[in-house]
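Only one structure is covered here, and it is reproduced in the block below.
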Amino acid sequence: MATDDLAQFAALVQSLLSSENECRSQAEAAYEGLDIKQKLTFLLQTMRNAENAMTIRSMCAVLLRRLFTSSFSDFWPNLSPDEQSTIKNELLLAIQQESAPSVRKKLCDASSELARNHLDDDGNNSWPEFLKFLFTCACSTEEAFKESALHILMTLPGIFGNQQSHYLDVIKEMLSQCLHDQMSLQVRFEAVKATTAFLVANEGEANVMSSFRETVTALVQTVAESIEVQDADDTVLKCLIELAETLPKYLRPQIENIMTLCLKTIADASLMDNWRQMALEVIVTLSESAPAMVRKHSKFIPLLVPQVLALMIDVEDDEDWSTADDIEEEDNDSNSIVAETALDRLACGLGGKTILAHITANIPQMLANSDWRFRHAALMAISACGEGCHKQMEIMLSDVFIGVLPFVQDPHPRVRYAACNAIGQMATDFGPLFQKKFHEKVIPAIMLVLDDYANPRVQAHAGAALVNFSEECPKNILTQHLESIVGKLQEVLNAKLKELLEKGTKLVLEQIVTTLAAVADATEEKFILHYDKFMGCLKFIVENATSPELKLLRGKTIECISLIGLAVGRDKFMQDCSDIMELLLKTQTEQADEIADDDPQISYMISAWARMCKIMGKDFQPYLPMVMGPVLKSANIKPEITVLDKNQKVVITSSLGDDADKLENDADWSFVNMGDQQSFGIRTAGLEEKATACQMLVCYARELKEGFAEYVEQVVKIMVPLLKFYFHDETRIAAAESLSLLLECAKVKGNEFVQEMWLYIVPKLLEAIEIEPEKDIQAEMMLGLSKCIEKLGKGCLNNQQMSSLVTCFDKLLTEHFQRQQTRQEQRKDEDYDEVVEENLLEEDDEDVFVLSKISDNIHALFGTYKEEFLPVFDRLLTHFVKLLALTRPWADRQWALCIWDDVLEHAGPHSETYQQYFLESMLEAICDKQSEVRQASTYGIGVMAQNAPGQTYDQALREAVPRLVKVIQDYESREEENIPATENAISAITKICKYRPQCINSHEILPHWLSWLPVWEDEDEAIHIYNYLCDLTEENHPAILGQNNSNLPRIVTIIAQAFHKEAISLEDDVATRMINIVKHIQSNPEMLQACVSQLTDDLKQVLGKVLDS
């Protein structure tokens, strides 16, 4: 190759590194114009030429690696074997001959990428010479060669493919020797990185973990050395964080040394902040990944907590902080913020029993300190630990609150701010208990800080605390303070609006508008009296706050107006509705071109339109053409994504430029690791707006029904793909919820349209359910499916779809049992303790939620297909039998019984063939100690009495009666948690009496039955019970009426109580029957007086209203 050509190429590479965009763009175009063989040849030759500048050689290695990463399959098969061999040899020679460490590493990266491409899916390696090269370098006496081998292994820990088990001892010995290399600290550092990468890549391989157990001592010692020398490369300490997250049990033998090392590092103020923070991250990560292991070494906790609190004290005193109107984002890398977050995570990870006492032991002296930073840190610590220490802190809540309250009047504004923060956080973490206990002190305290006009940032935070307080506050409590709250908010709102007009300051005004919305939302119709005090002012803001810097204020005001409208209701709000609609439409139409995609007003308007729809109902339909555009646009937002090369700090795939550092440091971007060398990034800024828009589409479909039909086709094509939108959970939930509503909307377009729409939905919904990674969202999707089945009815699933659904359920149920077994194994772990048990029970709750939705779908399928569903049901039969076993958790038995209830209710005479599987368990469960199981069983007995044909179950019903009576007459049967089971038992007796009189002695049981009334909790069963009461009363049954009609006062009282408890709706047929019984008694004034005289004033009032209606 001509020397001139190589020189020109070197100059081209130099231009690729230019900081001038035009020069770099021209060079990129020229480079892309070369064919692949030219690129390979020029890159290899230029890279091997030691006379070229280091930056040029380094860039050639990067470009070569990019080719192997992005284009390998396109060009490599087209190269001859000799050409392929030349490239491989040249690369390995370049590594051996390169003198510059930074370039050599990039050469290692390029060769690793080439080696990765020579591994097939089965782990076969078609470049065995590379492994030989790796081992040769590792065994070399040359430090540079060892470093190269270790860097390659760190970059490509899976290089050994299916030969790994064969080489495992050699790999372990190689890494162990390098970890103990006394000649080179850098070799030991690289060995830590390589060992970490190899272990993480093999985290599920027990043989690897066992073989490498002895390497942990040297690894931790080397990490300690890296901290001592304060090398600029902090990746060695980051390796410890990665191991703490992924393989905490590998670190177990060294846990005491790790804790000691990290505590020493955190305490050393001479170290750089990021090193101290990383040492703290090691402990925090261990507390999250292996909390029980850390709790077993709890002697370190009293040493750790003061260190965390000391970091929280590291706050700069900015004189302008409390008066700033434009708030800059907090520095998330500052010691105080990192430590505050760490305390929150430690509390959540370790639990209150372990950590709270050590936090509270330090708080009093900090609060008493004359330095404001100590008081500030103490209050922020209280805010941080509430969630994780909930149970323990709730016990001492009064003491904590009394300790915090005086600091709303602290001389320093930052401390007053922190006091408001603590009150607001406690209101969230401990609501509504906090509100019930302390409202008489909290409200005046917040009102006091709302008067802090000299410190607007503190004043605004008081408003934020009131939002937190209102959101969890019972309406009757907040209403007691409504006059004083409204008076204060009106005063501040007017003052700050004037201030905005005079000075342009807006921070407090933005917050007060939000606070006003929260108060209205919480007090609902009670806010009607105050509506007129604010609506004019709010409309003025929306109409006039049109400048760019006031967009957020305008958006929040729009939100406030719509929330107030929803709170006070249609009748009151309609007086301003047309004006507000006009204002919103004006924004959306006249200013459409001026509104940028990231304008904060958009999401506020989208939500406001949905609230207006709820308020206006069908009257909102004419506005749909004007509002749907922005909503659909937001729902259609495509997230910006990118893939970064972590080592080279370059963008591999993106339409957003190639400044990797800028992207990684952008708060709008979130990155996760993807394999060994790449990270996947997504721009999060638009995700919330997208989710909000999807939720609003759900609202429109629910509220407008056939009025939304025009948009159904367009919306369903947006929603169905979003079932797999894994970037945002709420978006997937909204998509699942929308489907049955959209099918309902579409009915007006005819059955053929609905069927076509369903054919589009169902395969994608079934697939999404099967592969959904989050259990709670998977359950929501199954709920959506069950509602679709109920909407569409019999025939909605063809044989193939039904088979897919059963296959999915079979997989889910199998995994359900496997996860329960895994949890049982965890209970045998040496680190098992009561906090671990709490976490396992939470995991169990997630599984049970999924199980409940499987039950919902079985219910829907039986309800639509009846006995025709049985052949499909039989494929899952073994699972439902297994769930019933007495050894299973109670929730398994509860939901299994619900499924067998459906068999009884819908399978007709065919249920007889299954009784061997469920009947005995159902009878045994009537008196189960768990109320939910009793409810499922007693409901099933009632269904058996009402629906089962012939006399098949008569003996079972006879056996059930004394057990049902035992449940009803238990002294705790009317405790709140037992009422549903008790009322279902009463209903079961009712149905046996009515439908199977041969199975019960009615004359003996009915006087008792009357004494068990009223019922009110289960409205469905209440209809059966009160209908039977009417039957017996209308036929003058002596056991019910009593001698000389002596039971009539009791019957009237039961009827009055049923209406008082709203157990019966006036729209139910049984309500008419009950009212007629009372009216019949009215014809006998003497008897009426005897009945009414026994009623309380409340019952008399209710009965009077019912009779008048």
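Chain labels A, B, ... are given in the sequence in which chains occur in the structure tokens; within each chain residues are numbered consecutively from 1, and ligands are likewise numbered from 1 in the order shown.
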So that I can check the surroundings of region 412-417 of chain A, please list as a VMD selection string every protein, DNA and RNA residue that reaches within 9 Å of it, counting only C-alpha atoms and ignoring chain neighbours fewer than 5 positions away. chain A and resid 321 to 322 372 to 373 375 to 377 379 407 422 449 455 457 to 459 461 to 462
Enter the distance from CA of Thr523 (chain A) to CA of Leu478 (chain A), in Å, rounded to one decimal. 6.8 Å
Need the shell around Thr246 (chain A): protein/DNA/RNA residues with any atom at most 8 Å away, counting only C-alpha atoms. Skip same-chain ones fewer than 2 positions apart. Format as JSON, numbers by chain? {"A": [200, 203, 242, 243, 244, 248, 289]}
Residues within 6 Å of region 331-346 of chain A, only C-alpha atoms, excluding chain neighbours under 2 positions, as an MDAnalysis selection string: chainID A and resid 284 308 311:312 314 348:350 384:385
Could you write out that same residue set with N, CA and C atoms as a PDB file, in the first residue's frame?
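In the end it all went to part-v3.pdb:
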ATOM      1  N   VAL A 284     -24.607   0.356  51.509  1.00  0.00           N
ATOM      2  CA  VAL A 284     -26.033   0.511  51.195  1.00  0.00           C
ATOM      3  C   VAL A 284     -26.489  -0.599  50.250  1.00  0.00           C
ATOM      4  N   VAL A 308     -23.171   8.638  58.265  1.00  0.00           N
ATOM      5  CA  VAL A 308     -24.139   9.089  57.263  1.00  0.00           C
ATOM      6  C   VAL A 308     -24.678  10.466  57.643  1.00  0.00           C
ATOM      7  N   LEU A 311     -22.250  13.212  56.880  1.00  0.00           N
ATOM      8  CA  LEU A 311     -22.254  13.619  55.475  1.00  0.00           C
ATOM      9  C   LEU A 311     -23.454  14.516  55.175  1.00  0.00           C
ATOM     10  N   MET A 312     -24.578  14.252  55.834  1.00  0.00           N
ATOM     11  CA  MET A 312     -25.775  15.073  55.615  1.00  0.00           C
ATOM     12  C   MET A 312     -25.583  16.498  56.114  1.00  0.00           C
ATOM     13  N   ASP A 314     -22.975  18.192  55.615  1.00  0.00           N
ATOM     14  CA  ASP A 314     -22.099  18.889  54.660  1.00  0.00           C
ATOM     15  C   ASP A 314     -22.949  19.658  53.647  1.00  0.00           C
ATOM     16  N   CYS A 348     -35.027   1.316  54.394  1.00  0.00           N
ATOM     17  CA  CYS A 348     -35.885   0.388  53.638  1.00  0.00           C
ATOM     18  C   CYS A 348     -35.260  -0.994  53.553  1.00  0.00           C
ATOM     19  N   GLY A 349     -33.931  -1.037  53.424  1.00  0.00           N
ATOM     20  CA  GLY A 349     -33.257  -2.329  53.285  1.00  0.00           C
ATOM     21  C   GLY A 349     -33.148  -3.100  54.578  1.00  0.00           C
ATOM     22  N   LEU A 350     -32.682  -2.447  55.630  1.00  0.00           N
ATOM     23  CA  LEU A 350     -32.424  -3.128  56.900  1.00  0.00           C
ATOM     24  C   LEU A 350     -33.642  -3.182  57.808  1.00  0.00           C
ATOM     25  N   ALA A 384     -36.280  11.120  55.863  1.00  0.00           N
ATOM     26  CA  ALA A 384     -35.730  10.036  55.040  1.00  0.00           C
ATOM     27  C   ALA A 384     -36.064   8.650  55.565  1.00  0.00           C
ATOM     28  N   CYS A 385     -36.202   8.501  56.868  1.00  0.00           N
ATOM     29  CA  CYS A 385     -36.307   7.144  57.424  1.00  0.00           C
ATOM     30  C   CYS A 385     -37.741   6.686  57.675  1.00  0.00           C
TER      31      CYS A 385
END
If you run DSSP on the backbone here, which positions in region 340-483 of chain A get helix (DSSP H, G or I)? Please write them as a PyMOL selection string. chain A and resi 340-350+352-367+372-385+390-395+397-409+413-429+433-449+456-471+475-480+482-483
So which residues touch Cys788 (chain A) within 8 Å, counting only C-alpha atoms, skipping near sequence neighbours fewer than 5 positions away, as number ranges by chain? A: 739-740, 743
Would you mind telling me which residue in A:Ile423, A:Ile1040, A:Cys389, A:Val933 lies nearest to Glu977 (chain A) when using only C-alpha atoms? A:Val933
Neighbouring residues of Val1070 (chain A) were defined as those with any atom within 12 Å, considering only C-alpha atoms; residues of the same chain fewer than 3 positions away were excluded. Please report them as an MDAnalysis selection string. chainID A and resid 1019:1020 1022:1031 1055 1058:1059 1063:1067 1073:1077
